[in-house]
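Enquirer: The file below is entry26.json, JSON, N, CA and C atoms and all ligand atoms:
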[["chain", "number", "residue", "atom", "x", "y", "z"],
["U", 315, "MET", "N", 0.84, -1.20, 0.00],
["U", 315, "MET", "CA", 0.00, 0.00, 0.00],
["U", 315, "MET", "C", 0.87, 1.25, 0.00],
["U", 316, "ALA", "N", 1.61, 1.47, 1.06],
["U", 316, "ALA", "CA", 2.41, 2.70, 1.14],
["U", 316, "ALA", "C", 3.86, 2.40, 0.84],
["U", 317, "ILE", "N", 4.22, 2.57, -0.39],
["U", 317, "ILE", "CA", 5.58, 2.25, -0.81],
["U", 317, "ILE", "C", 6.42, 3.52, -0.84],
["U", 318, "LYS", "N", 7.64, 3.40, -0.38],
["U", 318, "LYS", "CA", 8.55, 4.55, -0.30],
["U", 318, "LYS", "C", 8.58, 5.36, -1.58],
["U", 319, "GLY", "N", 8.50, 6.67, -1.42],
["U", 319, "GLY", "CA", 8.65, 7.56, -2.56],
["U", 319, "GLY", "C", 7.40, 7.75, -3.38],
["U", 320, "TYR", "N", 6.29, 7.19, -2.96],
["U", 320, "TYR", "CA", 5.06, 7.31, -3.73],
["U", 320, "TYR", "C", 3.97, 7.98, -2.93],
["U", 321, "ILE", "N", 3.08, 8.63, -3.65],
["U", 321, "ILE", "CA", 1.86, 9.15, -3.03],
["U", 321, "ILE", "C", 0.70, 8.29, -3.52],
["U", 322, "TRP", "N", -0.02, 7.73, -2.56],
["U", 322, "TRP", "CA", -1.16, 6.88, -2.87],
["U", 322, "TRP", "C", -2.43, 7.58, -2.44],
["U", 323, "ILE", "N", -3.44, 7.44, -3.23],
["U", 323, "ILE", "CA", -4.71, 8.10, -2.90],
["U", 323, "ILE", "C", -5.79, 7.03, -2.76],
["U", 324, "LYS", "N", -6.44, 7.06, -1.63],
["U", 324, "LYS", "CA", -7.50, 6.09, -1.38],
["U", 324, "LYS", "C", -8.60, 6.24, -2.42],
["U", 325, "GLU", "N", -9.16, 5.13, -2.83],
["U", 325, "GLU", "CA", -10.24, 5.16, -3.81],
["U", 325, "GLU", "C", -11.37, 6.07, -3.33],
["U", 326, "GLY", "N", -11.77, 6.99, -4.16],
["U", 326, "GLY", "CA", -12.87, 7.89, -3.80],
["U", 326, "GLY", "C", -12.42, 9.21, -3.22],
["U", 327, "ALA", "N", -11.17, 9.30, -2.78],
["U", 327, "ALA", "CA", -10.67, 10.56, -2.23],
["U", 327, "ALA", "C", -10.40, 11.53, -3.38],
["U", 328, "VAL", "N", -10.83, 12.78, -3.21],
["U", 328, "VAL", "CA", -10.68, 13.79, -4.26],
["U", 328, "VAL", "C", -9.61, 14.79, -3.84],
["U", 329, "VAL", "N", -8.52, 14.83, -4.58],
["U", 329, "VAL", "CA", -7.44, 15.75, -4.21],
["U", 329, "VAL", "C", -7.12, 16.75, -5.31],
["U", 330, "ASP", "N", -7.79, 16.64, -6.45],
["U", 330, "ASP", "CA", -7.41, 17.53, -7.56],
["U", 330, "ASP", "C", -8.00, 18.93, -7.43],
["U", 331, "ARG", "N", -8.85, 19.15, -6.44],
["U", 331, "ARG", "CA", -9.38, 20.50, -6.23],
["U", 331, "ARG", "C", -8.74, 21.20, -5.04],
["U", 332, "LEU", "N", -7.76, 20.59, -4.42],
["U", 332, "LEU", "CA", -7.15, 21.19, -3.23],
["U", 332, "LEU", "C", -6.57, 22.57, -3.57],
["U", 333, "SER", "N", -6.68, 23.48, -2.61],
["U", 333, "SER", "CA", -6.18, 24.84, -2.81],
["U", 333, "SER", "C", -4.66, 24.83, -2.96],
["U", 334, "LYS", "N", -4.13, 25.95, -3.45],
["U", 334, "LYS", "CA", -2.67, 26.05, -3.60],
["U", 334, "LYS", "C", -1.92, 25.87, -2.28],
["U", 335, "PRO", "N", -2.34, 26.57, -1.21],
["U", 335, "PRO", "CA", -1.59, 26.40, 0.05],
["U", 335, "PRO", "C", -1.62, 24.97, 0.58],
["U", 336, "ILE", "N", -2.73, 24.27, 0.37],
["U", 336, "ILE", "CA", -2.81, 22.92, 0.92],
["U", 336, "ILE", "C", -2.09, 21.93, -0.01],
["U", 337, "THR", "N", -2.04, 22.25, -1.29],
["U", 337, "THR", "CA", -1.25, 21.43, -2.21],
["U", 337, "THR", "C", 0.24, 21.56, -1.88],
["U", 338, "TRP", "N", 0.64, 22.79, -1.55],
["U", 338, "TRP", "CA", 2.03, 23.01, -1.11],
["U", 338, "TRP", "C", 2.31, 22.15, 0.13],
["U", 339, "ALA", "N", 1.39, 22.19, 1.08],
["U", 339, "ALA", "CA", 1.56, 21.42, 2.32],
["U", 339, "ALA", "C", 1.67, 19.93, 2.02],
["U", 340, "LYS", "N", 0.89, 19.45, 1.08],
["U", 340, "LYS", "CA", 0.93, 18.03, 0.71],
["U", 340, "LYS", "C", 2.34, 17.65, 0.23],
["U", 341, "GLY", "N", 2.94, 18.53, -0.56],
["U", 341, "GLY", "CA", 4.31, 18.27, -1.03],
["U", 341, "GLY", "C", 5.31, 18.25, 0.11],
["U", 342, "GLN", "N", 5.16, 19.19, 1.05],
["U", 342, "GLN", "CA", 6.07, 19.25, 2.20],
["U", 342, "GLN", "C", 5.95, 17.98, 3.05],
["U", 343, "VAL", "N", 4.71, 17.57, 3.28],
["U", 343, "VAL", "CA", 4.48, 16.38, 4.10],
["U", 343, "VAL", "C", 5.01, 15.14, 3.39],
["U", 344, "ALA", "N", 4.82, 15.08, 2.09],
["U", 344, "ALA", "CA", 5.36, 13.94, 1.33],
["U", 344, "ALA", "C", 6.87, 13.87, 1.52],
["U", 345, "GLY", "N", 7.53, 15.04, 1.48],
["U", 345, "GLY", "CA", 8.99, 15.09, 1.66],
["U", 345, "GLY", "C", 9.40, 14.52, 3.01],
["U", 346, "ILE", "N", 8.64, 14.85, 4.06],
["U", 346, "ILE", "CA", 8.93, 14.33, 5.40],
["U", 346, "ILE", "C", 8.72, 12.81, 5.43],
["U", 347, "TYR", "N", 7.63, 12.35, 4.88],
["U", 347, "TYR", "CA", 7.37, 10.91, 4.83],
["U", 347, "TYR", "C", 8.51, 10.18, 4.11],
["U", 348, "PHE", "N", 8.93, 10.76, 3.01],
["U", 348, "PHE", "CA", 9.97, 10.09, 2.20],
["U", 348, "PHE", "C", 11.27, 9.99, 2.99],
["U", 349, "GLN", "N", 11.55, 11.03, 3.82],
["U", 349, "GLN", "CA", 12.76, 10.96, 4.66],
["U", 349, "GLN", "C", 12.73, 9.76, 5.59],
["U", 350, "TYR", "N", 11.53, 9.36, 5.97],
["U", 350, "TYR", "CA", 11.37, 8.22, 6.86],
["U", 350, "TYR", "C", 11.19, 6.91, 6.09],
["U", 351, "GLY", "N", 11.34, 6.99, 4.78],
["U", 351, "GLY", "CA", 11.18, 5.80, 3.97],
["U", 351, "GLY", "C", 9.74, 5.35, 3.81],
["U", 352, "LEU", "N", 8.82, 6.31, 3.98],
["U", 352, "LEU", "CA", 7.40, 5.98, 3.91],
["U", 352, "LEU", "C", 6.78, 6.54, 2.63],
["U", 353, "GLY", "N", 5.79, 5.86, 2.12],
["U", 353, "GLY", "CA", 4.94, 6.44, 1.09],
["U", 353, "GLY", "C", 3.83, 7.23, 1.76],
["U", 354, "LEU", "N", 3.28, 8.19, 1.03],
["U", 354, "LEU", "CA", 2.20, 9.00, 1.58],
["U", 354, "LEU", "C", 0.87, 8.42, 1.14],
["U", 355, "TYR", "N", 0.02, 8.09, 2.09],
["U", 355, "TYR", "CA", -1.28, 7.50, 1.79],
["U", 355, "TYR", "C", -2.37, 8.50, 2.18],
["U", 356, "ILE", "N", -2.98, 9.09, 1.18],
["U", 356, "ILE", "CA", -4.02, 10.11, 1.40],
["U", 356, "ILE", "C", -5.37, 9.41, 1.48],
["U", 357, "THR", "N", -6.04, 9.61, 2.61],
["U", 357, "THR", "CA", -7.31, 8.90, 2.82],
["U", 357, "THR", "C", -8.52, 9.78, 2.56],
["U", 358, "SER", "N", -8.32, 11.09, 2.53],
["U", 358, "SER", "CA", -9.46, 11.98, 2.29],
["U", 358, "SER", "C", -8.98, 13.34, 1.78],
["U", 359, "GLY", "N", -9.77, 13.91, 0.89],
["U", 359, "GLY", "CA", -9.48, 15.25, 0.38],
["U", 359, "GLY", "C", -10.72, 16.11, 0.49],
["U", 360, "CYS", "N", -11.23, 16.53, -0.64],
["U", 360, "CYS", "CA", -12.36, 17.47, -0.64],
["U", 360, "CYS", "C", -13.71, 16.78, -0.48],
["U", 361, "GLU", "N", -13.73, 15.48, -0.64],
["U", 361, "GLU", "CA", -15.00, 14.74, -0.54],
["U", 361, "GLU", "C", -15.24, 14.33, 0.91],
["U", 362, "GLY", "N", -16.13, 13.43, 1.08],
["U", 362, "GLY", "CA", -16.19, 12.75, 2.37],
["U", 362, "GLY", "C", -17.26, 13.24, 3.30],
["U", 363, "ASN", "N", -17.15, 12.75, 4.50],
["U", 363, "ASN", "CA", -18.17, 12.89, 5.51],
["U", 363, "ASN", "C", -17.52, 13.54, 6.72],
["U", 364, "HIS", "N", -17.50, 14.86, 6.73],
["U", 364, "HIS", "CA", -16.78, 15.56, 7.79],
["U", 364, "HIS", "C", -17.74, 16.45, 8.56],
["U", 365, "GLN", "N", -17.22, 17.09, 9.59],
["U", 365, "GLN", "CA", -18.04, 18.07, 10.31],
["U", 365, "GLN", "C", -18.54, 19.12, 9.34],
["U", 366, "GLU", "N", -19.69, 19.68, 9.68],
["U", 366, "GLU", "CA", -20.34, 20.65, 8.80],
["U", 366, "GLU", "C", -19.42, 21.79, 8.39],
["U", 367, "ASP", "N", -18.64, 22.29, 9.33],
["U", 367, "ASP", "CA", -17.80, 23.46, 9.05],
["U", 367, "ASP", "C", -16.37, 23.05, 8.66],
["U", 368, "SER", "N", -16.22, 21.81, 8.26],
["U", 368, "SER", "CA", -14.88, 21.30, 7.96],
["U", 368, "SER", "C", -14.24, 22.04, 6.79],
["U", 369, "LEU", "N", -12.94, 22.25, 6.90],
["U", 369, "LEU", "CA", -12.20, 22.88, 5.80],
["U", 369, "LEU", "C", -12.01, 21.91, 4.62],
["U", 370, "HIS", "N", -12.37, 20.64, 4.82],
["U", 370, "HIS", "CA", -12.36, 19.71, 3.68],
["U", 370, "HIS", "C", -13.27, 20.22, 2.56],
["U", 371, "TYR", "N", -14.40, 20.80, 2.96],
["U", 371, "TYR", "CA", -15.40, 21.20, 1.96],
["U", 371, "TYR", "C", -14.99, 22.44, 1.18],
["U", 372, "VAL", "N", -14.02, 23.18, 1.67],
["U", 372, "VAL", "CA", -13.55, 24.35, 0.92],
["U", 372, "VAL", "C", -12.13, 24.10, 0.39],
["U", 373, "ASN", "N", -11.80, 22.83, 0.21],
["U", 373, "ASN", "CA", -10.57, 22.42, -0.46],
["U", 373, "ASN", "C", -9.30, 22.79, 0.31],
["U", 374, "ASN", "N", -9.44, 22.96, 1.63],
["U", 374, "ASN", "CA", -8.30, 23.37, 2.43],
["U", 374, "ASN", "C", -7.87, 22.34, 3.47],
["U", 375, "ALA", "N", -8.17, 21.07, 3.22],
["U", 375, "ALA", "CA", -7.75, 20.05, 4.17],
["U", 375, "ALA", "C", -7.59, 18.69, 3.47],
["U", 376, "PHE", "N", -6.71, 17.89, 4.03],
["U", 376, "PHE", "CA", -6.62, 16.50, 3.59],
["U", 376, "PHE", "C", -6.20, 15.64, 4.78],
["U", 377, "ASP", "N", -6.46, 14.35, 4.66],
["U", 377, "ASP", "CA", -6.11, 13.40, 5.72],
["U", 377, "ASP", "C", -5.12, 12.38, 5.17],
["U", 378, "ILE", "N", -4.19, 11.98, 6.01],
["U", 378, "ILE", "CA", -3.21, 10.97, 5.60],
["U", 378, "ILE", "C", -3.06, 9.95, 6.72],
["U", 379, "GLN", "N", -2.76, 8.74, 6.32],
["U", 379, "GLN", "CA", -2.61, 7.66, 7.30],
["U", 379, "GLN", "C", -1.15, 7.25, 7.39],
["U", 380, "LEU", "N", -0.75, 6.91, 8.58],
["U", 380, "LEU", "CA", 0.61, 6.40, 8.80],
["U", 380, "LEU", "C", 0.57, 4.89, 8.96],
["U", 381, "PRO", "N", 1.51, 4.19, 8.36],
["U", 381, "PRO", "CA", 1.55, 2.74, 8.58],
["U", 381, "PRO", "C", 1.94, 2.42, 10.02],
["U", 382, "PRO", "N", 1.53, 1.25, 10.50],
["U", 382, "PRO", "CA", 1.93, 0.84, 11.85],
["U", 382, "PRO", "C", 3.45, 0.84, 11.98],
["U", 383, "GLY", "N", 3.93, 1.23, 13.14],
["U", 383, "GLY", "CA", 5.36, 1.20, 13.37],
["U", 383, "GLY", "C", 6.06, 2.51, 13.08],
["U", 384, "ALA", "N", 5.39, 3.41, 12.34],
["U", 384, "ALA", "CA", 6.03, 4.70, 12.05],
["U", 384, "ALA", "C", 6.01, 5.57, 13.31],
["U", 385, "LEU", "N", 6.93, 6.50, 13.37],
["U", 385, "LEU", "CA", 7.11, 7.33, 14.56],
["U", 385, "LEU", "C", 6.11, 8.49, 14.55],
["U", 386, "ILE", "N", 4.94, 8.23, 15.03],
["U", 386, "ILE", "CA", 3.82, 9.15, 14.83],
["U", 386, "ILE", "C", 4.05, 10.50, 15.50],
["U", 387, "ASP", "N", 4.57, 10.53, 16.72],
["U", 387, "ASP", "CA", 4.78, 11.81, 17.42],
["U", 387, "ASP", "C", 5.89, 12.63, 16.78],
["U", 388, "GLU", "N", 6.97, 11.94, 16.43],
["U", 388, "GLU", "CA", 8.10, 12.62, 15.81],
["U", 388, "GLU", "C", 7.70, 13.22, 14.45],
["U", 389, "ILE", "N", 6.98, 12.46, 13.68],
["U", 389, "ILE", "CA", 6.54, 12.93, 12.36],
["U", 389, "ILE", "C", 5.54, 14.08, 12.52],
["U", 390, "HIS", "N", 4.67, 13.97, 13.51],
["U", 390, "HIS", "CA", 3.73, 15.05, 13.82],
["U", 390, "HIS", "C", 4.47, 16.36, 14.09],
["U", 391, "ASP", "N", 5.49, 16.31, 14.95],
["U", 391, "ASP", "CA", 6.28, 17.51, 15.27],
["U", 391, "ASP", "C", 6.94, 18.08, 14.03],
["U", 392, "LYS", "N", 7.48, 17.21, 13.20],
["U", 392, "LYS", "CA", 8.17, 17.69, 11.99],
["U", 392, "LYS", "C", 7.20, 18.38, 11.04],
["U", 393, "ILE", "N", 6.01, 17.84, 10.92],
["U", 393, "ILE", "CA", 5.02, 18.45, 10.03],
["U", 393, "ILE", "C", 4.63, 19.83, 10.56],
["U", 394, "ILE", "N", 4.39, 19.94, 11.86],
["U", 394, "ILE", "CA", 4.02, 21.23, 12.45],
["U", 394, "ILE", "C", 5.12, 22.26, 12.21],
["U", 395, "ASP", "N", 6.37, 21.88, 12.46],
["U", 395, "ASP", "CA", 7.50, 22.79, 12.25],
["U", 395, "ASP", "C", 7.57, 23.25, 10.80],
["U", 396, "LYS", "N", 7.36, 22.31, 9.90],
["U", 396, "LYS", "CA", 7.53, 22.59, 8.48],
["U", 396, "LYS", "C", 6.43, 23.51, 7.94],
["U", 397, "LEU", "N", 5.21, 23.30, 8.38],
["U", 397, "LEU", "CA", 4.08, 24.02, 7.78],
["U", 397, "LEU", "C", 3.86, 25.40, 8.39],
["U", 398, "GLY", "N", 4.26, 25.60, 9.62],
["U", 398, "GLY", "CA", 4.10, 26.91, 10.23],
["U", 398, "GLY", "C", 2.70, 27.14, 10.79],
["U", 399, "ASP", "N", 2.47, 28.37, 11.26],
["U", 399, "ASP", "CA", 1.30, 28.59, 12.11],
["U", 399, "ASP", "C", 0.01, 28.90, 11.36],
["U", 400, "LYS", "N", 0.03, 28.89, 10.05],
["U", 400, "LYS", "CA", -1.23, 29.05, 9.32],
["U", 400, "LYS", "C", -1.89, 27.69, 9.04],
["U", 401, "TYR", "N", -1.26, 26.66, 9.52],
["U", 401, "TYR", "CA", -1.79, 25.31, 9.31],
["U", 401, "TYR", "C", -2.08, 24.65, 10.65],
["U", 402, "ASP", "N", -3.09, 23.80, 10.64],
["U", 402, "ASP", "CA", -3.38, 22.97, 11.81],
["U", 402, "ASP", "C", -3.11, 21.52, 11.44],
["U", 403, "VAL", "N", -2.48, 20.82, 12.36],
["U", 403, "VAL", "CA", -2.20, 19.40, 12.14],
["U", 403, "VAL", "C", -2.80, 18.63, 13.31],
["U", 404, "LEU", "N", -3.93, 18.00, 13.05],
["U", 404, "LEU", "CA", -4.61, 17.23, 14.09],
["U", 404, "LEU", "C", -4.27, 15.76, 13.92],
["U", 405, "ILE", "N", -4.33, 15.04, 15.01],
["U", 405, "ILE", "CA", -3.86, 13.67, 14.98],
["U", 405, "ILE", "C", -4.91, 12.76, 15.61],
["U", 406, "ASN", "N", -5.20, 11.67, 14.96],
["U", 406, "ASN", "CA", -6.05, 10.63, 15.54],
["U", 406, "ASN", "C", -5.17, 9.40, 15.71],
["U", 407, "LYS", "N", -4.67, 9.24, 16.94],
["U", 407, "LYS", "CA", -3.67, 8.20, 17.18],
["U", 407, "LYS", "C", -4.22, 6.80, 16.98],
["U", 408, "LYS", "N", -5.49, 6.64, 17.32],
["U", 408, "LYS", "CA", -6.11, 5.32, 17.21],
["U", 408, "LYS", "C", -6.14, 4.86, 15.75],
["U", 409, "LYS", "N", -6.55, 5.78, 14.89],
["U", 409, "LYS", "CA", -6.63, 5.43, 13.47],
["U", 409, "LYS", "C", -5.32, 5.72, 12.73],
["U", 410, "ARG", "N", -4.35, 6.35, 13.43],
["U", 410, "ARG", "CA", -3.07, 6.73, 12.84],
["U", 410, "ARG", "C", -3.29, 7.65, 11.64],
["U", 411, "ILE", "N", -4.16, 8.64, 11.85],
["U", 411, "ILE", "CA", -4.46, 9.58, 10.78],
["U", 411, "ILE", "C", -4.10, 10.99, 11.20],
["U", 412, "PHE", "N", -3.46, 11.71, 10.28],
["U", 412, "PHE", "CA", -3.26, 13.15, 10.44],
["U", 412, "PHE", "C", -4.29, 13.88, 9.60],
["U", 413, "HIS", "N", -4.91, 14.88, 10.20],
["U", 413, "HIS", "CA", -5.77, 15.80, 9.46],
["U", 413, "HIS", "C", -4.97, 17.09, 9.34],
["U", 414, "ILE", "N", -4.74, 17.55, 8.14],
["U", 414, "ILE", "CA", -3.93, 18.74, 7.91],
["U", 414, "ILE", "C", -4.80, 19.78, 7.21],
["U", 415, "GLU", "N", -4.87, 20.96, 7.79],
["U", 415, "GLU", "CA", -5.70, 21.99, 7.18],
["U", 415, "GLU", "C", -4.98, 23.32, 7.12],
["U", 416, "TYR", "N", -5.35, 24.09, 6.10],
["U", 416, "TYR", "CA", -4.85, 25.44, 5.94],
["U", 416, "TYR", "C", -5.90, 26.39, 6.48],
["U", 417, "ASP", "N", -5.52, 27.15, 7.47],
["U", 417, "ASP", "CA", -6.48, 28.02, 8.14],
["U", 417, "ASP", "C", -5.81, 29.37, 8.40],
["U", 418, "PRO", "N", -5.79, 30.24, 7.37],
["U", 418, "PRO", "CA", -5.04, 31.49, 7.50],
["U", 418, "PRO", "C", -5.61, 32.44, 8.54],
["U", 419, "LEU", "N", -6.88, 32.24, 8.92],
["U", 419, "LEU", "CA", -7.49, 33.14, 9.90],
["U", 419, "LEU", "C", -7.34, 32.64, 11.33],
["U", 420, "LYS", "N", -6.65, 31.52, 11.45],
["U", 420, "LYS", "CA", -6.45, 30.93, 12.76],
["U", 420, "LYS", "C", -5.79, 31.94, 13.72],
["U", 421, "LEU", "N", -6.29, 31.99, 14.93],
["U", 421, "LEU", "CA", -5.70, 32.86, 15.94],
["U", 421, "LEU", "C", -4.81, 32.03, 16.84],
["U", 422, "ASN", "N", -3.66, 32.56, 17.13],
["U", 422, "ASN", "CA", -2.73, 31.83, 18.01],
["U", 422, "ASN", "C", -2.59, 32.54, 19.34],
["U", 423, "PHE", "N", -2.90, 31.84, 20.38],
["U", 423, "PHE", "CA", -2.76, 32.40, 21.71],
["U", 423, "PHE", "C", -1.68, 31.65, 22.46],
["U", 501, "ZN", "ZN", -9.74, 15.57, 7.95]]
Produce structure tokens that represent the structure in this file.

Expert:
Amino acid sequence: MAIKGYIWIKEGAVVDRLSKPITWAKGQVAGIYFQYGLGLYITSGCEGNHQEDSLHYVNNAFDIQLPPGALIDEIHDKIIDKLGDKYDVLINKKKRIFHIEYDPLKLNF
């Protein structure tokens, strides 16, 4: 499924409408995954069944899954550092999924 150096897209996931900033983020995250010898497996893009106000619906979010055994906390930190404070990186440890969104209006306290 997730082979080094490749980006895989789950059947039904729509990623061709992603905004420019989130497409940029996808490339950055792929680079981090590749450093760890992982392929990037995208499980959700603009489609799907998300919260009503989800940024998925405005093409500003995508979800990716990590294979078992990958260093989930370390990779999480690297993604946050790389993307900066206009992005949110949420983590579902049980499902090993990162939700990454571009939120330029986000307030940081
Ligand atoms: Zn999501």

Enquirer: Given only C-alpha atoms and all ligand atoms as the basis, pick out the residue of U:Tyr371, U:Tyr401, U:Phe376, U:Tyr355 nearest to ligand ZN 501 (chain U).

Expert: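 Among U:Tyr371, U:Tyr401, U:Phe376, U:Tyr355, it is U:Phe376 that comes nearest to ligand ZN 501 (chain U).
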
Enquirer: Enumerate residues in contact with ligand ZN 501 (chain U): an atom-to-atom distance of at most 7 Å, counting all atoms listed in the file. Format the result as a list in words.

Expert: Ser358, His370, Ala375, Phe376, Asp377, Ile378, Phe412, His413 and Ile414 of chain U

Enquirer: Write out as a ChimeraX atom specification the residues lying within 5 Å of Leu354 in chain U, counting all atoms listed in the file and excluding same-chain residues fewer than 4 positions away.

Expert: /U:320-322

Enquirer: Using all atoms listed in the file, find the one residue out of U:Pro418, U:Lys408, U:Ile393, U:Asp399 that sits nearest to Val343 in chain U.

Expert: U:Ile393

Enquirer: From a DSSP calculation on the backbone, collect every residue of range 322-384 of chain U in strand (DSSP E or B) and output the set as a PDB file with N, CA and C atoms, in the coordinates of the input.

Expert:
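This went into selection_28.pdb:
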ATOM      1  N   TRP U 322      -0.020   7.730  -2.560  1.00  0.00           N
ATOM      2  CA  TRP U 322      -1.160   6.880  -2.870  1.00  0.00           C
ATOM      3  C   TRP U 322      -2.430   7.580  -2.440  1.00  0.00           C
ATOM      4  N   ILE U 323      -3.440   7.440  -3.230  1.00  0.00           N
ATOM      5  CA  ILE U 323      -4.710   8.100  -2.900  1.00  0.00           C
ATOM      6  C   ILE U 323      -5.790   7.030  -2.760  1.00  0.00           C
ATOM      7  N   LEU U 354       3.280   8.190   1.030  1.00  0.00           N
ATOM      8  CA  LEU U 354       2.200   9.000   1.580  1.00  0.00           C
ATOM      9  C   LEU U 354       0.870   8.420   1.140  1.00  0.00           C
ATOM     10  N   TYR U 355       0.020   8.090   2.090  1.00  0.00           N
ATOM     11  CA  TYR U 355      -1.280   7.500   1.790  1.00  0.00           C
ATOM     12  C   TYR U 355      -2.370   8.500   2.180  1.00  0.00           C
ATOM     13  N   ILE U 356      -2.980   9.090   1.180  1.00  0.00           N
ATOM     14  CA  ILE U 356      -4.020  10.110   1.400  1.00  0.00           C
ATOM     15  C   ILE U 356      -5.370   9.410   1.480  1.00  0.00           C
ATOM     16  N   THR U 357      -6.040   9.610   2.610  1.00  0.00           N
ATOM     17  CA  THR U 357      -7.310   8.900   2.820  1.00  0.00           C
ATOM     18  C   THR U 357      -8.520   9.780   2.560  1.00  0.00           C
ATOM     19  N   SER U 358      -8.320  11.090   2.530  1.00  0.00           N
ATOM     20  CA  SER U 358      -9.460  11.980   2.290  1.00  0.00           C
ATOM     21  C   SER U 358      -8.980  13.340   1.780  1.00  0.00           C
ATOM     22  N   ALA U 375      -8.170  21.070   3.220  1.00  0.00           N
ATOM     23  CA  ALA U 375      -7.750  20.050   4.170  1.00  0.00           C
ATOM     24  C   ALA U 375      -7.590  18.690   3.470  1.00  0.00           C
ATOM     25  N   PHE U 376      -6.710  17.890   4.030  1.00  0.00           N
ATOM     26  CA  PHE U 376      -6.620  16.500   3.590  1.00  0.00           C
ATOM     27  C   PHE U 376      -6.200  15.640   4.780  1.00  0.00           C
ATOM     28  N   ASP U 377      -6.460  14.350   4.660  1.00  0.00           N
ATOM     29  CA  ASP U 377      -6.110  13.400   5.720  1.00  0.00           C
ATOM     30  C   ASP U 377      -5.120  12.380   5.170  1.00  0.00           C
ATOM     31  N   ILE U 378      -4.190  11.980   6.010  1.00  0.00           N
ATOM     32  CA  ILE U 378      -3.210  10.970   5.600  1.00  0.00           C
ATOM     33  C   ILE U 378      -3.060   9.950   6.720  1.00  0.00           C
ATOM     34  N   GLN U 379      -2.760   8.740   6.320  1.00  0.00           N
ATOM     35  CA  GLN U 379      -2.610   7.660   7.300  1.00  0.00           C
ATOM     36  C   GLN U 379      -1.150   7.250   7.390  1.00  0.00           C
TER      37      GLN U 379
END

Enquirer: So how far away is atom N of Val328 in chain U from atom C of Leu397 in chain U, in Å?

Expert: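 So the answer is 22.6 Å.
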
Enquirer: Using only C-alpha atoms for the distances, tell me which of U:Glu415, U:Leu332, U:Lys340, U:Ile346 is nearest to Asp391 in chain U.

Expert: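 The answer is U:Ile346, which sits nearest to Asp391 in chain U.
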
Enquirer: Could you tell me, as a ChimeraX atom specification, which residues have any atom at most 6 Å from (-13.1, 10.9, -2.5), counting all atoms listed in the file?

Expert: /U:325-328,359,361-362

Enquirer: Those residues you just picked out, can you put them in a file as an mmCIF file, keeping the file's coordinate frame with N, CA and C atoms?

Expert:
data_model
loop_
_atom_site.group_PDB
_atom_site.id
_atom_site.type_symbol
_atom_site.label_atom_id
_atom_site.label_comp_id
_atom_site.auth_asym_id
_atom_site.auth_seq_id
_atom_site.Cartn_x
_atom_site.Cartn_y
_atom_site.Cartn_z
ATOM 1 N N GLU U 325 -9.160 5.130 -2.830
ATOM 2 C CA GLU U 325 -10.240 5.160 -3.810
ATOM 3 C C GLU U 325 -11.370 6.070 -3.330
ATOM 4 N N GLY U 326 -11.770 6.990 -4.160
ATOM 5 C CA GLY U 326 -12.870 7.890 -3.800
ATOM 6 C C GLY U 326 -12.420 9.210 -3.220
ATOM 7 N N ALA U 327 -11.170 9.300 -2.780
ATOM 8 C CA ALA U 327 -10.670 10.560 -2.230
ATOM 9 C C ALA U 327 -10.400 11.530 -3.380
ATOM 10 N N VAL U 328 -10.830 12.780 -3.210
ATOM 11 C CA VAL U 328 -10.680 13.790 -4.260
ATOM 12 C C VAL U 328 -9.610 14.790 -3.840
ATOM 13 N N GLY U 359 -9.770 13.910 0.890
ATOM 14 C CA GLY U 359 -9.480 15.250 0.380
ATOM 15 C C GLY U 359 -10.720 16.110 0.490
ATOM 16 N N GLU U 361 -13.730 15.480 -0.640
ATOM 17 C CA GLU U 361 -15.000 14.740 -0.540
ATOM 18 C C GLU U 361 -15.240 14.330 0.910
ATOM 19 N N GLY U 362 -16.130 13.430 1.080
ATOM 20 C CA GLY U 362 -16.190 12.750 2.370
ATOM 21 C C GLY U 362 -17.260 13.240 3.300
#

Enquirer: Have a look at atom C of Ser368 in chain U and atom N of Asp417 in chain U and let me know their distance in Å, one decimal.

Expert: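 Separating atom C of Ser368 in chain U from atom N of Asp417 in chain U is a distance of 10.1 Å.
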
Enquirer: Given the choices U:Asn374, U:Asp395, U:Asn363, U:Gly319, which gets closest to Arg331 in chain U if the distance is worked out from all atoms listed in the file?

Expert: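 Closest candidate: U:Asn374.
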
Enquirer: Quick check for you: according to DSSP on this backbone, which residues of chain U are classed as helix (DSSP H, G or I)? Reply as a ChimeraX atom specification.

Expert: /U:334-349,369-372,386-397

Enquirer: Between CA of Gly351 in chain U and CA of Trp338 in chain U, what is the distance, to one decimal in Å?

Expert: 20.1 Å

Enquirer: Emit a file covering range 385-405 of chain U of the preceding structure with C-alpha atoms, as a PDB file, in the first residue's frame.

Expert:
ATOM      1  CA  LEU U 385       7.110   7.333  14.562  1.00  0.00           C
ATOM      2  CA  ILE U 386       3.820   9.147  14.827  1.00  0.00           C
ATOM      3  CA  ASP U 387       4.780  11.805  17.421  1.00  0.00           C
ATOM      4  CA  GLU U 388       8.102  12.624  15.805  1.00  0.00           C
ATOM      5  CA  ILE U 389       6.538  12.930  12.364  1.00  0.00           C
ATOM      6  CA  HIS U 390       3.726  15.046  13.823  1.00  0.00           C
ATOM      7  CA  ASP U 391       6.276  17.506  15.272  1.00  0.00           C
ATOM      8  CA  LYS U 392       8.167  17.687  11.988  1.00  0.00           C
ATOM      9  CA  ILE U 393       5.017  18.450  10.027  1.00  0.00           C
ATOM     10  CA  ILE U 394       4.023  21.228  12.454  1.00  0.00           C
ATOM     11  CA  ASP U 395       7.497  22.788  12.246  1.00  0.00           C
ATOM     12  CA  LYS U 396       7.529  22.589   8.476  1.00  0.00           C
ATOM     13  CA  LEU U 397       4.085  24.023   7.777  1.00  0.00           C
ATOM     14  CA  GLY U 398       4.096  26.912  10.235  1.00  0.00           C
ATOM     15  CA  ASP U 399       1.302  28.588  12.107  1.00  0.00           C
ATOM     16  CA  LYS U 400      -1.227  29.047   9.318  1.00  0.00           C
ATOM     17  CA  TYR U 401      -1.787  25.306   9.305  1.00  0.00           C
ATOM     18  CA  ASP U 402      -3.375  22.968  11.805  1.00  0.00           C
ATOM     19  CA  VAL U 403      -2.198  19.404  12.142  1.00  0.00           C
ATOM     20  CA  LEU U 404      -4.610  17.232  14.095  1.00  0.00           C
ATOM     21  CA  ILE U 405      -3.857  13.665  14.984  1.00  0.00           C
TER      22      ILE U 405
END
